[in-house]
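Source file: upload25.csv. Holds: CSV, C-alpha atoms and all ligand atoms.
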chain,number,residue,atom,x,y,z
Y,1465,THR,CA,0.0,0.0,0.0
Y,1466,SER,CA,1.2,3.5,-0.8
Y,1467,SER,CA,1.7,6.2,1.8
Y,1468,VAL,CA,-1.1,8.8,2.6
Y,1469,ARG,CA,0.2,12.2,1.5
Y,1470,LEU,CA,-0.1,14.8,4.2
Y,1471,GLY,CA,1.7,18.1,5.1
Y,1472,VAL,CA,1.8,21.5,6.6
Y,1473,PHE,CA,1.7,24.9,4.9
Y,1474,GLY,CA,3.4,27.8,6.7
Y,1475,ASN,CA,6.0,30.5,6.5
Y,1476,PRO,CA,8.3,30.0,8.1
Y,1477,VAL,CA,7.8,26.2,8.3
Y,1478,ALA,CA,11.3,24.8,8.6
Y,1479,HIS,CA,11.1,24.4,12.4
Y,1480,SER,CA,7.6,23.0,12.5
Y,1481,LEU,CA,7.2,20.0,14.9
Y,1482,SER,CA,4.2,18.8,13.0
Y,1483,PRO,CA,6.1,16.3,10.7
Y,1484,THR,CA,7.6,14.6,13.8
Y,1485,ILE,CA,4.3,14.5,15.7
Y,1486,HIS,CA,2.3,13.0,12.8
Y,1487,SER,CA,5.0,10.5,12.0
Y,1488,LEU,CA,4.9,9.3,15.7
Y,1489,PHE,CA,1.1,8.9,15.4
Y,1490,ALA,CA,1.5,6.9,12.2
Y,1491,GLU,CA,4.2,4.7,13.9
Y,1492,LEU,CA,1.9,4.1,16.9
Y,1493,ARG,CA,-1.0,3.1,14.6
Y,1494,ASP,CA,1.2,1.2,12.1
Y,1495,GLU,CA,0.0,3.3,9.2
Y,1496,ARG,CA,2.1,4.7,6.4
Y,1497,ILE,CA,2.1,8.5,5.8
Y,1498,LEU,CA,4.3,11.0,4.0
Y,1499,TYR,CA,4.0,14.3,5.9
Y,1500,GLU,CA,5.9,17.2,4.3
Y,1501,ARG,CA,6.7,20.8,5.2
Y,1502,MET,CA,5.4,23.1,2.5
Y,1503,LEU,CA,6.7,26.6,2.4
Y,1504,ALA,CA,4.3,29.1,0.7
Y,1505,THR,CA,3.9,32.8,0.3
Y,1506,PRO,CA,0.6,34.6,0.6
Y,1507,ALA,CA,0.6,35.1,-3.2
Y,1508,ASN,CA,1.2,31.4,-4.1
Y,1509,PHE,CA,-0.7,29.8,-1.2
Y,1510,PRO,CA,-4.0,29.1,-3.1
Y,1511,LYS,CA,-2.1,27.6,-6.0
Y,1512,ALA,CA,0.1,25.5,-3.8
Y,1513,VAL,CA,-3.0,24.1,-2.0
Y,1514,ALA,CA,-4.7,23.3,-5.2
Y,1515,GLN,CA,-1.6,21.6,-6.6
Y,1516,PHE,CA,-1.2,19.6,-3.4
Y,1517,PHE,CA,-4.7,18.1,-3.6
Y,1518,ARG,CA,-4.4,17.6,-7.4
Y,1519,ASP,CA,-1.3,15.6,-6.8
Y,1520,GLY,CA,-3.1,13.2,-4.5
Y,1521,GLY,CA,-2.7,14.9,-1.2
Y,1522,THR,CA,-5.3,13.8,1.5
Y,1523,GLY,CA,-5.0,16.5,4.1
Y,1524,ALA,CA,-2.9,19.4,5.2
Y,1525,ASN,CA,-2.3,21.5,8.3
Y,1526,VAL,CA,-2.1,25.2,7.9
Y,1527,THR,CA,-0.1,27.4,10.2
Y,1528,LEU,CA,1.1,31.0,10.5
Y,1529,PRO,CA,0.3,33.2,8.5
Y,1530,PHE,CA,-2.2,31.3,6.3
Y,1531,LYS,CA,-5.0,30.3,8.7
Y,1532,GLU,CA,-7.4,33.0,7.7
Y,1533,GLN,CA,-6.5,32.7,4.0
Y,1534,ALA,CA,-7.2,29.0,4.2
Y,1535,ALA,CA,-10.7,29.7,5.5
Y,1536,GLN,CA,-11.3,31.8,2.4
Y,1537,LEU,CA,-10.2,29.2,-0.1
Y,1538,ALA,CA,-11.8,26.0,1.4
Y,1539,ASN,CA,-14.9,24.9,-0.5
Y,1540,THR,CA,-16.8,24.5,2.8
Y,1541,LEU,CA,-16.1,25.1,6.4
Y,1542,THR,CA,-17.1,23.2,9.5
Y,1543,GLU,CA,-19.1,25.1,12.1
Y,1544,ARG,CA,-16.1,25.6,14.4
Y,1545,ALA,CA,-13.8,26.8,11.6
Y,1546,ARG,CA,-16.5,29.4,10.7
Y,1547,VAL,CA,-16.7,30.5,14.3
Y,1548,ALA,CA,-12.9,30.7,14.5
Y,1549,GLY,CA,-12.7,32.5,11.1
Y,1550,ALA,CA,-9.5,30.4,10.6
Y,1551,VAL,CA,-8.6,27.0,9.3
Y,1552,ASN,CA,-5.7,24.8,10.6
Y,1553,THR,CA,-6.8,21.6,8.9
Y,1554,LEU,CA,-7.7,21.0,5.2
Y,1555,MET,CA,-9.2,17.8,4.0
Y,1556,LYS,CA,-10.2,16.5,0.6
Y,1557,VAL,CA,-13.5,14.6,0.7
Y,1558,SER,CA,-14.9,12.1,-1.8
Y,1559,SER,CA,-16.8,14.7,-3.8
Y,1560,GLY,CA,-13.5,16.4,-4.5
Y,1561,PHE,CA,-14.4,19.4,-2.2
Y,1562,VAL,CA,-11.8,20.7,0.2
Y,1563,VAL,CA,-13.2,21.0,3.7
Y,1564,GLY,CA,-11.7,23.5,6.2
Y,1565,ASP,CA,-11.7,22.7,9.8
Y,1566,ASN,CA,-10.2,24.1,13.0
Y,1567,THR,CA,-8.8,21.8,15.7
Y,1568,ASP,CA,-7.0,24.4,17.7
Y,1569,GLY,CA,-9.8,25.0,20.1
Y,1570,GLU,CA,-10.3,21.3,20.7
Y,1571,GLY,CA,-6.6,20.8,21.1
Y,1572,PHE,CA,-6.5,23.6,23.7
Y,1573,VAL,CA,-9.4,22.2,25.7
Y,1574,LYS,CA,-7.9,18.7,25.7
Y,1575,ASP,CA,-4.6,20.0,27.0
Y,1576,LEU,CA,-6.3,22.0,29.7
Y,1577,SER,CA,-8.1,18.9,30.8
Y,1578,ARG,CA,-5.0,16.7,30.7
Y,1579,LYS,CA,-3.3,19.3,33.0
Y,1580,GLY,CA,-6.2,19.6,35.4
Y,1581,PHE,CA,-6.7,23.3,34.6
Y,1582,HIS,CA,-10.3,24.1,35.4
Y,1583,VAL,CA,-12.5,26.5,33.5
Y,1584,SER,CA,-16.0,25.8,34.6
Y,1585,GLY,CA,-17.2,28.5,37.1
Y,1586,CYS,CA,-13.9,30.3,36.9
Y,1587,SER,CA,-13.0,33.9,36.2
Y,1588,LEU,CA,-10.7,33.9,33.2
Y,1589,VAL,CA,-8.5,36.4,31.4
Y,1590,LEU,CA,-7.7,35.9,27.7
Y,1591,LEU,CA,-4.9,38.1,26.3
Y,1592,GLY,CA,-5.0,38.8,22.6
Y,1593,SER,CA,-7.6,39.0,19.8
Y,1594,GLY,CA,-5.7,37.7,16.8
Y,1595,GLY,CA,-6.1,34.5,14.8
Y,1596,SER,CA,-5.4,32.0,17.6
Y,1597,ALA,CA,-7.5,34.0,20.2
Y,1598,ARG,CA,-10.5,33.5,18.0
Y,1599,GLY,CA,-10.4,29.7,18.2
Y,1600,VAL,CA,-9.4,29.6,21.8
Y,1601,LEU,CA,-12.2,32.0,23.0
Y,1602,SER,CA,-15.1,29.9,21.7
Y,1603,ALA,CA,-13.5,26.8,23.1
Y,1604,LEU,CA,-13.2,28.4,26.5
Y,1605,LEU,CA,-16.8,29.6,26.4
Y,1606,SER,CA,-18.0,26.1,25.7
Y,1607,LEU,CA,-16.5,25.1,29.2
Y,1608,ASN,CA,-18.9,27.5,31.0
Y,1609,PRO,CA,-16.6,29.9,32.8
Y,1610,ALA,CA,-18.2,32.3,35.3
Y,1611,LYS,CA,-16.6,35.3,33.7
Y,1612,VAL,CA,-14.3,36.0,30.7
Y,1613,TYR,CA,-12.2,39.2,30.3
Y,1614,LEU,CA,-11.0,39.6,26.7
Y,1615,VAL,CA,-7.9,41.9,26.7
Y,1616,ASN,CA,-6.3,43.5,23.7
Y,1617,ARG,CA,-4.0,46.4,23.3
Y,1618,THR,CA,-6.0,47.4,20.2
Y,1619,LEU,CA,-9.4,47.5,21.9
Y,1620,GLU,CA,-11.4,47.6,18.7
Y,1621,LYS,CA,-10.2,44.2,17.7
Y,1622,ALA,CA,-11.3,42.7,21.0
Y,1623,GLN,CA,-14.7,44.5,20.6
Y,1624,ALA,CA,-15.0,43.1,17.1
Y,1625,LEU,CA,-14.2,39.6,18.2
Y,1626,LYS,CA,-16.8,39.7,21.0
Y,1627,GLN,CA,-19.4,41.1,18.5
Y,1628,LEU,CA,-18.6,38.3,16.0
Y,1629,LEU,CA,-19.3,35.6,18.6
Y,1630,VAL,CA,-22.4,37.4,19.8
Y,1631,ASP,CA,-23.6,37.6,16.1
Y,1632,LEU,CA,-22.9,33.9,15.7
Y,1633,SER,CA,-25.0,33.3,18.9
Y,1634,VAL,CA,-22.1,31.5,20.7
Y,1635,PRO,CA,-23.4,30.9,24.3
Y,1636,GLY,CA,-21.8,33.1,26.9
Y,1637,ALA,CA,-20.5,35.7,24.3
Y,1638,GLU,CA,-22.8,38.4,25.6
Y,1639,ASN,CA,-21.1,38.4,29.0
Y,1640,ILE,CA,-17.5,38.8,27.7
Y,1641,GLN,CA,-15.9,41.9,29.3
Y,1642,VAL,CA,-13.6,43.7,26.8
Y,1643,VAL,CA,-10.7,45.7,28.2
Y,1644,SER,CA,-7.5,47.1,26.7
Y,1645,ASN,CA,-5.1,46.5,29.6
Y,1646,ALA,CA,-5.2,43.5,32.0
Y,1647,ASP,CA,-3.9,45.5,35.0
Y,1648,SER,CA,-7.2,47.4,35.1
Y,1649,ILE,CA,-8.9,44.2,36.2
Y,1650,ASN,CA,-9.2,44.3,40.0
Y,1651,GLU,CA,-11.3,41.2,40.5
Y,1652,LYS,CA,-9.5,38.0,41.7
Y,1653,VAL,CA,-8.9,35.8,38.6
Y,1654,ASP,CA,-8.5,32.1,38.4
Y,1655,ALA,CA,-6.7,31.8,35.1
Y,1656,VAL,CA,-4.9,33.8,32.4
Y,1657,VAL,CA,-4.3,32.6,28.9
Y,1658,ASN,CA,-1.8,34.3,26.6
Y,1659,ALA,CA,-2.8,34.3,22.9
Y,1660,THR,CA,-0.7,37.3,22.0
Y,1661,SER,CA,2.7,37.1,20.4
Y,1662,SER,CA,4.4,38.7,23.5
Y,1663,SER,CA,6.6,35.7,24.1
Y,1664,LEU,CA,7.7,35.7,20.5
Y,1665,HIS,CA,9.0,39.2,21.0
Y,1666,ASN,CA,10.3,38.5,24.5
Y,1667,ILE,CA,8.4,41.3,26.1
Y,1668,ASP,CA,6.3,41.7,29.3
Y,1669,ILE,CA,2.6,42.0,28.9
Y,1670,PRO,CA,0.4,43.6,31.6
Y,1671,LEU,CA,-1.2,41.0,33.9
Y,1672,PRO,CA,-4.3,41.1,36.1
Y,1673,GLN,CA,-3.6,42.6,39.6
Y,1674,ASN,CA,-5.1,39.8,41.7
Y,1675,PHE,CA,-4.8,36.0,41.3
Y,1676,ALA,CA,-6.5,33.2,43.2
Y,1677,ASP,CA,-4.1,31.1,45.2
Y,1678,ASP,CA,-4.6,28.1,42.8
Y,1679,ALA,CA,-4.7,30.2,39.7
Y,1680,TRP,CA,-3.2,28.7,36.5
Y,1681,GLY,CA,-1.6,30.4,33.4
Y,1682,TYR,CA,-1.1,29.1,29.9
Y,1683,ASP,CA,1.0,30.5,27.0
Y,1684,LEU,CA,0.0,29.4,23.5
Y,1685,MET,CA,3.5,29.9,22.4
Y,1686,TYR,CA,6.0,27.0,23.2
Y,1687,SER,CA,9.7,26.7,23.3
Y,1688,ASP,CA,12.4,24.4,24.7
Y,1689,ASN,CA,12.9,26.6,27.7
Y,1690,ALA,CA,10.2,28.5,29.7
Y,1691,THR,CA,8.6,31.2,27.4
Y,1692,HIS,CA,8.9,34.8,28.3
Y,1693,PHE,CA,5.3,34.9,29.5
Y,1694,LEU,CA,5.8,31.8,31.7
Y,1695,LYS,CA,8.7,33.5,33.4
Y,1696,GLN,CA,6.5,36.5,34.0
Y,1697,LEU,CA,3.8,34.3,35.6
Y,1698,GLU,CA,6.5,32.7,37.8
Y,1699,ARG,CA,7.5,36.1,39.1
Y,1700,ALA,CA,3.8,36.8,39.7
Y,1701,GLY,CA,3.6,33.7,41.9
Y,1702,ILE,CA,1.4,31.6,39.7
Y,1703,LYS,CA,2.4,28.0,40.3
Y,1704,SER,CA,0.4,26.1,37.7
Y,1705,ARG,CA,1.9,27.0,34.3
Y,1706,ALA,CA,2.0,25.5,30.8
Y,1707,ASP,CA,3.2,26.4,27.4
Y,1708,GLY,CA,1.4,25.5,24.1
Y,1709,LEU,CA,3.3,22.3,23.2
Y,1710,GLY,CA,0.5,20.2,24.6
Y,1711,MET,CA,-2.1,22.1,22.6
Y,1712,LEU,CA,0.1,21.6,19.4
Y,1713,ILE,CA,0.2,17.8,20.0
Y,1714,GLU,CA,-3.6,17.6,20.8
Y,1715,GLN,CA,-4.6,19.7,17.7
Y,1716,ALA,CA,-2.4,17.4,15.6
Y,1717,ALA,CA,-4.1,14.3,17.0
Y,1718,SER,CA,-7.5,15.7,16.1
Y,1719,SER,CA,-6.3,16.5,12.6
Y,1720,TYR,CA,-4.8,13.0,12.2
Y,1721,GLN,CA,-8.1,11.4,13.2
Y,1722,LEU,CA,-10.0,13.5,10.7
Y,1723,TRP,CA,-7.7,12.4,7.8
Y,1724,MET,CA,-7.0,8.8,8.7
Y,1725,GLY,CA,-10.3,7.8,10.5
Y,1726,GLY,CA,-10.4,5.4,13.4
Y,1727,GLU,CA,-9.6,6.3,17.0
Y,1728,ARG,CA,-8.0,9.5,18.1
Y,1729,PRO,CA,-4.2,8.8,18.3
Y,1730,ASP,CA,-2.8,8.4,21.8
Y,1731,THR,CA,-1.0,11.7,22.7
Y,1732,THR,CA,0.7,10.6,25.9
Y,1733,PHE,CA,3.4,8.7,24.1
Y,1734,VAL,CA,4.0,11.6,21.7
Y,1735,MET,CA,4.2,14.1,24.6
Y,1736,SER,CA,7.0,12.0,26.3
Y,1737,LYS,CA,8.9,11.7,23.0
Y,1738,ILE,CA,8.8,15.4,22.1
Y,1739,ARG,CA,9.5,17.0,25.5
Y,1740,VAL,CA,12.6,15.3,26.9
Y,1801,LIG,P1,-1.8,37.2,15.5
Y,1801,LIG,O1,-0.7,38.0,14.8
Y,1801,LIG,O2,-3.0,37.0,14.8
Y,1801,LIG,O3,-2.2,38.1,16.9
Y,1801,LIG,C1,-1.2,38.6,17.7
Y,1801,LIG,C2,-1.9,39.2,19.0
Y,1801,LIG,O4,-0.8,39.6,19.8
Y,1801,LIG,C3,-2.8,40.4,18.8
Y,1801,LIG,O5,-3.8,40.3,19.7
Y,1801,LIG,C4,-1.8,41.5,19.1
Y,1801,LIG,O6,-2.5,42.7,19.6
Y,1801,LIG,C5,-1.0,40.9,20.2
Y,1801,LIG,N1,0.3,41.6,20.4
Y,1801,LIG,C6,1.3,41.5,19.6
Y,1801,LIG,N2,2.4,42.2,20.1
Y,1801,LIG,C7,1.9,42.7,21.3
Y,1801,LIG,C8,2.5,43.6,22.3
Y,1801,LIG,N3,3.8,44.0,22.1
Y,1801,LIG,N4,1.8,43.9,23.4
Y,1801,LIG,C9,0.6,43.4,23.5
Y,1801,LIG,N5,-0.1,42.7,22.6
Y,1801,LIG,C10,0.6,42.3,21.5
Y,1801,LIG,O7,-1.1,35.9,16.1
Y,1801,LIG,P2,-1.8,34.5,16.5
Y,1801,LIG,O8,-3.0,34.8,17.2
Y,1801,LIG,O9,-1.9,33.7,15.2
Y,1801,LIG,O10,-0.7,33.8,17.4
Y,1801,LIG,C11,-0.4,34.3,18.7
Y,1801,LIG,C12,0.6,33.3,19.4
Y,1801,LIG,O11,0.0,32.0,19.6
Y,1801,LIG,C13,1.9,33.1,18.6
Y,1801,LIG,O12,2.9,33.3,19.5
Y,1801,LIG,C14,1.8,31.6,18.2
Y,1801,LIG,O13,3.1,31.0,18.2
Y,1801,LIG,C15,0.9,31.0,19.2
Y,1801,LIG,N6,0.1,29.8,18.7
Y,1801,LIG,C16,0.3,28.6,19.2
Y,1801,LIG,C17,-0.5,27.5,18.8
Y,1801,LIG,C18,-0.3,26.1,19.4
Y,1801,LIG,O14,-0.8,25.1,18.9
Y,1801,LIG,N7,0.4,26.0,20.6
Y,1801,LIG,C19,-1.5,27.6,17.8
Y,1801,LIG,C20,-1.7,29.0,17.3
Y,1801,LIG,C21,-0.9,30.0,17.7
Y,1801,LIG,P3,-3.0,43.9,18.5
Y,1801,LIG,O15,-4.3,43.4,18.0
Y,1801,LIG,O16,-3.1,45.1,19.4
Y,1801,LIG,O17,-1.9,44.0,17.5
Produce structure tokens that represent the structure in this file.
Amino acid sequence: TSSVRLGVFGNPVAHSLSPTIHSLFAELRDERILYERMLATPANFPKAVAQFFRDGGTGANVTLPFKEQAAQLANTLTERARVAGAVNTLMKVSSGFVVGDNTDGEGFVKDLSRKGFHVSGCSLVLLGSGGSARGVLSALLSLNPAKVYLVNRTLEKAQALKQLLVDLSVPGAENIQVVSNADSINEKVDAVVNATSSSLHNIDIPLPQNFADDAWGYDLMYSDNATHFLKQLERAGIKSRADGLGMLIEQAASSYQLWMGGERPDTTFVMSKIRV
């Protein structure tokens, strides 16, 4: 039997961990895949996607900066991709249509649950209103938090994101509190999630004033060492902290299952292989 052709579009894409993660899933399930890194530019991305599927590709991940462009060019979107306004998973279906899905929110929720980070009934702060914040926000709302503060330096983007979820009738969206600076939040908060690129730029980002004793913090960015944001949380006395590597592996498992069918791959083994 020949290998199933998969891959990831991004720019840059050279350091993507996705080929390693998916190859480990395939190894675990005794399946044959060929998962390639595919460098694209905004100008040639639509052609590159069309060519990939014409050449027999089965499915592809999409990462920075193409997630929103991928949502435009898919023939049809799943509900969660529409809500996120972004696609991280493309899949060719039997009709020849290319379906766009988004597994980032599911990956995030799975990783929170693995880590025992609670959301239900909690007061949460989400930093950022870019592409990844969109997917993560609706996933958080689905877990019934008591309160959500959406923080973005450019306030209009946070307001627009809230309005989008309200217009899509996402439960809980009406109660989102939009603010431009987290240090204006006086209430005691249970969790803070960083969906900005502050760690990428190695800069501090304002935090809420007041944390519960058992508060947790999560940075969507990941790296071999603690990210800048995780160091900031440590200084603020927050003991439960995690970076986005778990989310990356969980979103990959969801994509793998969409393409290959069967059970969701076991992520525990992959976690232990990737983070040594
Ligand atoms: P975007 O470029 O779409 O959004 C960037 C966000 O960061 C905006 O809200 C922007 O605010 C904010 N921001 C940037 N610089 C600053 C600053 N100096 N101070 C305050 N806010 C700032 O990026 P994405 O949403 O796609 O990605 C964000 C991060 O999430 C990246 O680091 C990426 O690596 C990570 N990520 C991880 C994933 C995983 O699987 N673990 C999946 C997806 C993303 P403004 O609107 O004001 O410009």
Considering all atoms listed in the file, can you say which of Y:Asp1519, Y:Glu1532, Y:Asp1565, Y:Glu1638 comes closest to ligand LIG 1801 (chain Y)?
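Closest to ligand LIG 1801 (chain Y), using all atoms listed in the file: Y:Glu1532.
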So which residues touch Glu1495 of chain Y within 9 Å, counting all atoms listed in the file, skipping near sequence neighbours fewer than 2 positions away, as a PyMOL selection string?
chain Y and resi 1467-1468+1489-1493+1497+1724
Could the residues of chain Y that have an atom at most 8 Å from ligand LIG 1801 (chain Y) be listed as JSON lines, each with its closest atom pair and the distance in Å to one decimal, counting only C-alpha atoms and all ligand atoms and ordered by chain and ascending residue number?
{"residue": "Y:Thr1527", "atom": "CA", "partner": "Y:LIG1801", "partner_atom": "C20", "distance": 7.5}
{"residue": "Y:Leu1528", "atom": "CA", "partner": "Y:LIG1801", "partner_atom": "O9", "distance": 6.2}
{"residue": "Y:Pro1529", "atom": "CA", "partner": "Y:LIG1801", "partner_atom": "O9", "distance": 7.1}
{"residue": "Y:Lys1531", "atom": "CA", "partner": "Y:LIG1801", "partner_atom": "O9", "distance": 8.0}
{"residue": "Y:Asp1568", "atom": "CA", "partner": "Y:LIG1801", "partner_atom": "O14", "distance": 6.4}
{"residue": "Y:Gly1571", "atom": "CA", "partner": "Y:LIG1801", "partner_atom": "O14", "distance": 7.5}
{"residue": "Y:Phe1572", "atom": "CA", "partner": "Y:LIG1801", "partner_atom": "O14", "distance": 7.6}
{"residue": "Y:Leu1591", "atom": "CA", "partner": "Y:LIG1801", "partner_atom": "O5", "distance": 7.0}
{"residue": "Y:Gly1592", "atom": "CA", "partner": "Y:LIG1801", "partner_atom": "O5", "distance": 3.5}
{"residue": "Y:Ser1593", "atom": "CA", "partner": "Y:LIG1801", "partner_atom": "O5", "distance": 4.0}
{"residue": "Y:Gly1594", "atom": "CA", "partner": "Y:LIG1801", "partner_atom": "O2", "distance": 3.4}
{"residue": "Y:Gly1595", "atom": "CA", "partner": "Y:LIG1801", "partner_atom": "O8", "distance": 3.9}
{"residue": "Y:Ser1596", "atom": "CA", "partner": "Y:LIG1801", "partner_atom": "O8", "distance": 3.7}
{"residue": "Y:Ala1597", "atom": "CA", "partner": "Y:LIG1801", "partner_atom": "O8", "distance": 5.5}
{"residue": "Y:Arg1598", "atom": "CA", "partner": "Y:LIG1801", "partner_atom": "O8", "distance": 7.7}
{"residue": "Y:Asn1616", "atom": "CA", "partner": "Y:LIG1801", "partner_atom": "O16", "distance": 5.6}
{"residue": "Y:Arg1617", "atom": "CA", "partner": "Y:LIG1801", "partner_atom": "O16", "distance": 4.2}
{"residue": "Y:Thr1618", "atom": "CA", "partner": "Y:LIG1801", "partner_atom": "O16", "distance": 3.8}
{"residue": "Y:Leu1619", "atom": "CA", "partner": "Y:LIG1801", "partner_atom": "O16", "distance": 7.2}
{"residue": "Y:Lys1621", "atom": "CA", "partner": "Y:LIG1801", "partner_atom": "O15", "distance": 6.0}
{"residue": "Y:Ala1622", "atom": "CA", "partner": "Y:LIG1801", "partner_atom": "O15", "distance": 7.6}
{"residue": "Y:Asn1658", "atom": "CA", "partner": "Y:LIG1801", "partner_atom": "O11", "distance": 7.6}
{"residue": "Y:Ala1659", "atom": "CA", "partner": "Y:LIG1801", "partner_atom": "C11", "distance": 4.8}
{"residue": "Y:Thr1660", "atom": "CA", "partner": "Y:LIG1801", "partner_atom": "O4", "distance": 3.2}
{"residue": "Y:Ser1661", "atom": "CA", "partner": "Y:LIG1801", "partner_atom": "O12", "distance": 3.9}
{"residue": "Y:Ser1662", "atom": "CA", "partner": "Y:LIG1801", "partner_atom": "C7", "distance": 5.2}
{"residue": "Y:Ser1663", "atom": "CA", "partner": "Y:LIG1801", "partner_atom": "O12", "distance": 6.4}
{"residue": "Y:Leu1664", "atom": "CA", "partner": "Y:LIG1801", "partner_atom": "O12", "distance": 5.5}
{"residue": "Y:His1665", "atom": "CA", "partner": "Y:LIG1801", "partner_atom": "N3", "distance": 7.2}
{"residue": "Y:Ile1667", "atom": "CA", "partner": "Y:LIG1801", "partner_atom": "N3", "distance": 6.7}
{"residue": "Y:Asp1668", "atom": "CA", "partner": "Y:LIG1801", "partner_atom": "N4", "distance": 7.7}
{"residue": "Y:Ile1669", "atom": "CA", "partner": "Y:LIG1801", "partner_atom": "N4", "distance": 5.9}
{"residue": "Y:Asp1683", "atom": "CA", "partner": "Y:LIG1801", "partner_atom": "O11", "distance": 7.6}
{"residue": "Y:Leu1684", "atom": "CA", "partner": "Y:LIG1801", "partner_atom": "C16", "distance": 4.4}
{"residue": "Y:Met1685", "atom": "CA", "partner": "Y:LIG1801", "partner_atom": "C15", "distance": 4.3}
{"residue": "Y:Tyr1686", "atom": "CA", "partner": "Y:LIG1801", "partner_atom": "N7", "distance": 6.3}
{"residue": "Y:Asp1707", "atom": "CA", "partner": "Y:LIG1801", "partner_atom": "N7", "distance": 7.4}
{"residue": "Y:Gly1708", "atom": "CA", "partner": "Y:LIG1801", "partner_atom": "N7", "distance": 3.7}
{"residue": "Y:Leu1709", "atom": "CA", "partner": "Y:LIG1801", "partner_atom": "N7", "distance": 5.4}
{"residue": "Y:Gly1710", "atom": "CA", "partner": "Y:LIG1801", "partner_atom": "N7", "distance": 7.0}
{"residue": "Y:Met1711", "atom": "CA", "partner": "Y:LIG1801", "partner_atom": "O14", "distance": 4.9}
{"residue": "Y:Leu1712", "atom": "CA", "partner": "Y:LIG1801", "partner_atom": "O14", "distance": 3.6}
{"residue": "Y:Ile1713", "atom": "CA", "partner": "Y:LIG1801", "partner_atom": "O14", "distance": 7.4}
{"residue": "Y:Gln1715", "atom": "CA", "partner": "Y:LIG1801", "partner_atom": "O14", "distance": 6.7}
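Counting only C-alpha atoms and comparing Y:Tyr1720, Y:Phe1675, Y:Phe1517, Y:Phe1693, the residue that lies closest to Asn1650 of chain Y is Y:Phe1675.
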Nearest to Glu1714 of chain Y by atom-to-atom distance, counting only C-alpha atoms, from Y:Val1562, Y:Ile1485, Y:Leu1503, Y:Leu1604
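For Glu1714 of chain Y, the nearest of the given residues is Y:Ile1485.
Excluding Gly1636 of chain Y and any residue on its chain fewer than 4 positions from it, the residues at most 12 Å away by all atoms listed in the file are Leu1601, Ser1602, Ala1603, Leu1604, Leu1605, Ser1606, Leu1607, Asn1608, Pro1609, Ala1610, Lys1611, Val1612, Tyr1613, Lys1626, Gln1627, Leu1629, Val1630, Asp1631, Leu1632, Ile1640 and Gln1641 of chain Y.
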Using only C-alpha atoms, pick whichever of Y:Lys1737, Y:Ala1706, Y:Asp1678, Y:Ala1716 has the shortest atom-to-atom distance to Arg1578 of chain Y.
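Smallest distance to Arg1578 of chain Y is found for Y:Ala1706.
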Counting all atoms listed in the file, write as a list of chain:residue names all protein and nucleic acid residues lying at most 9 Å from (1.6, 16.3, 11.6) in the file's frame.
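Every polymer residue passing the test: Y:Leu1470, Y:Gly1471, Y:Val1472, Y:Leu1481, Y:Ser1482, Y:Pro1483, Y:Thr1484, Y:Ile1485, Y:His1486, Y:Ser1487, Y:Leu1488, Y:Phe1489, Y:Tyr1499, Y:Glu1500, Y:Ala1524, Y:Asn1525, Y:Ile1713, Y:Ala1716, Y:Ala1717, Y:Ser1719, Y:Tyr1720.
The space separating atom CA of Gly1560 of chain Y from atom CA of Gly1725 of chain Y comes to 17.6 Å.
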Between atom CA of Pro1506 of chain Y and atom CA of Leu1614 of chain Y - distance in Å to one decimal:
29.0 Å
Rebuild N, CA and C atoms on segment 1725-1734 of chain Y, as a PDB file, keeping the file's coordinate frame?
ATOM      1  N   GLY Y1725      -9.154   8.608   9.949  1.00  0.00           N
ATOM      2  CA  GLY Y1725     -10.300   7.800  10.500  1.00  0.00           C
ATOM      3  C   GLY Y1725      -9.825   7.090  11.775  1.00  0.00           C
ATOM      4  N   GLY Y1726     -10.692   6.204  12.234  1.00  0.00           N
ATOM      5  CA  GLY Y1726     -10.400   5.400  13.400  1.00  0.00           C
ATOM      6  C   GLY Y1726     -10.369   6.189  14.693  1.00  0.00           C
ATOM      7  N   GLU Y1727      -9.665   5.654  15.674  1.00  0.00           N
ATOM      8  CA  GLU Y1727      -9.600   6.300  17.000  1.00  0.00           C
ATOM      9  C   GLU Y1727      -8.682   7.507  16.955  1.00  0.00           C
ATOM     10  N   ARG Y1728      -8.866   8.397  17.921  1.00  0.00           N
ATOM     11  CA  ARG Y1728      -8.000   9.500  18.100  1.00  0.00           C
ATOM     12  C   ARG Y1728      -6.601   8.951  18.545  1.00  0.00           C
ATOM     13  N   PRO Y1729      -5.491   9.351  17.906  1.00  0.00           N
ATOM     14  CA  PRO Y1729      -4.200   8.800  18.300  1.00  0.00           C
ATOM     15  C   PRO Y1729      -3.901   9.132  19.800  1.00  0.00           C
ATOM     16  N   ASP Y1730      -3.151   8.242  20.432  1.00  0.00           N
ATOM     17  CA  ASP Y1730      -2.800   8.400  21.800  1.00  0.00           C
ATOM     18  C   ASP Y1730      -1.673   9.519  21.888  1.00  0.00           C
ATOM     19  N   THR Y1731      -1.960  10.593  22.620  1.00  0.00           N
ATOM     20  CA  THR Y1731      -1.000  11.700  22.700  1.00  0.00           C
ATOM     21  C   THR Y1731       0.018  11.578  23.769  1.00  0.00           C
ATOM     22  N   THR Y1732      -0.241  10.735  24.770  1.00  0.00           N
ATOM     23  CA  THR Y1732       0.700  10.600  25.900  1.00  0.00           C
ATOM     24  C   THR Y1732       2.073  10.216  25.484  1.00  0.00           C
ATOM     25  N   PHE Y1733       2.112   9.225  24.614  1.00  0.00           N
ATOM     26  CA  PHE Y1733       3.400   8.700  24.100  1.00  0.00           C
ATOM     27  C   PHE Y1733       4.138   9.819  23.360  1.00  0.00           C
ATOM     28  N   VAL Y1734       3.415  10.556  22.522  1.00  0.00           N
ATOM     29  CA  VAL Y1734       4.000  11.600  21.700  1.00  0.00           C
ATOM     30  C   VAL Y1734       4.573  12.732  22.630  1.00  0.00           C
TER      31      VAL Y1734
END
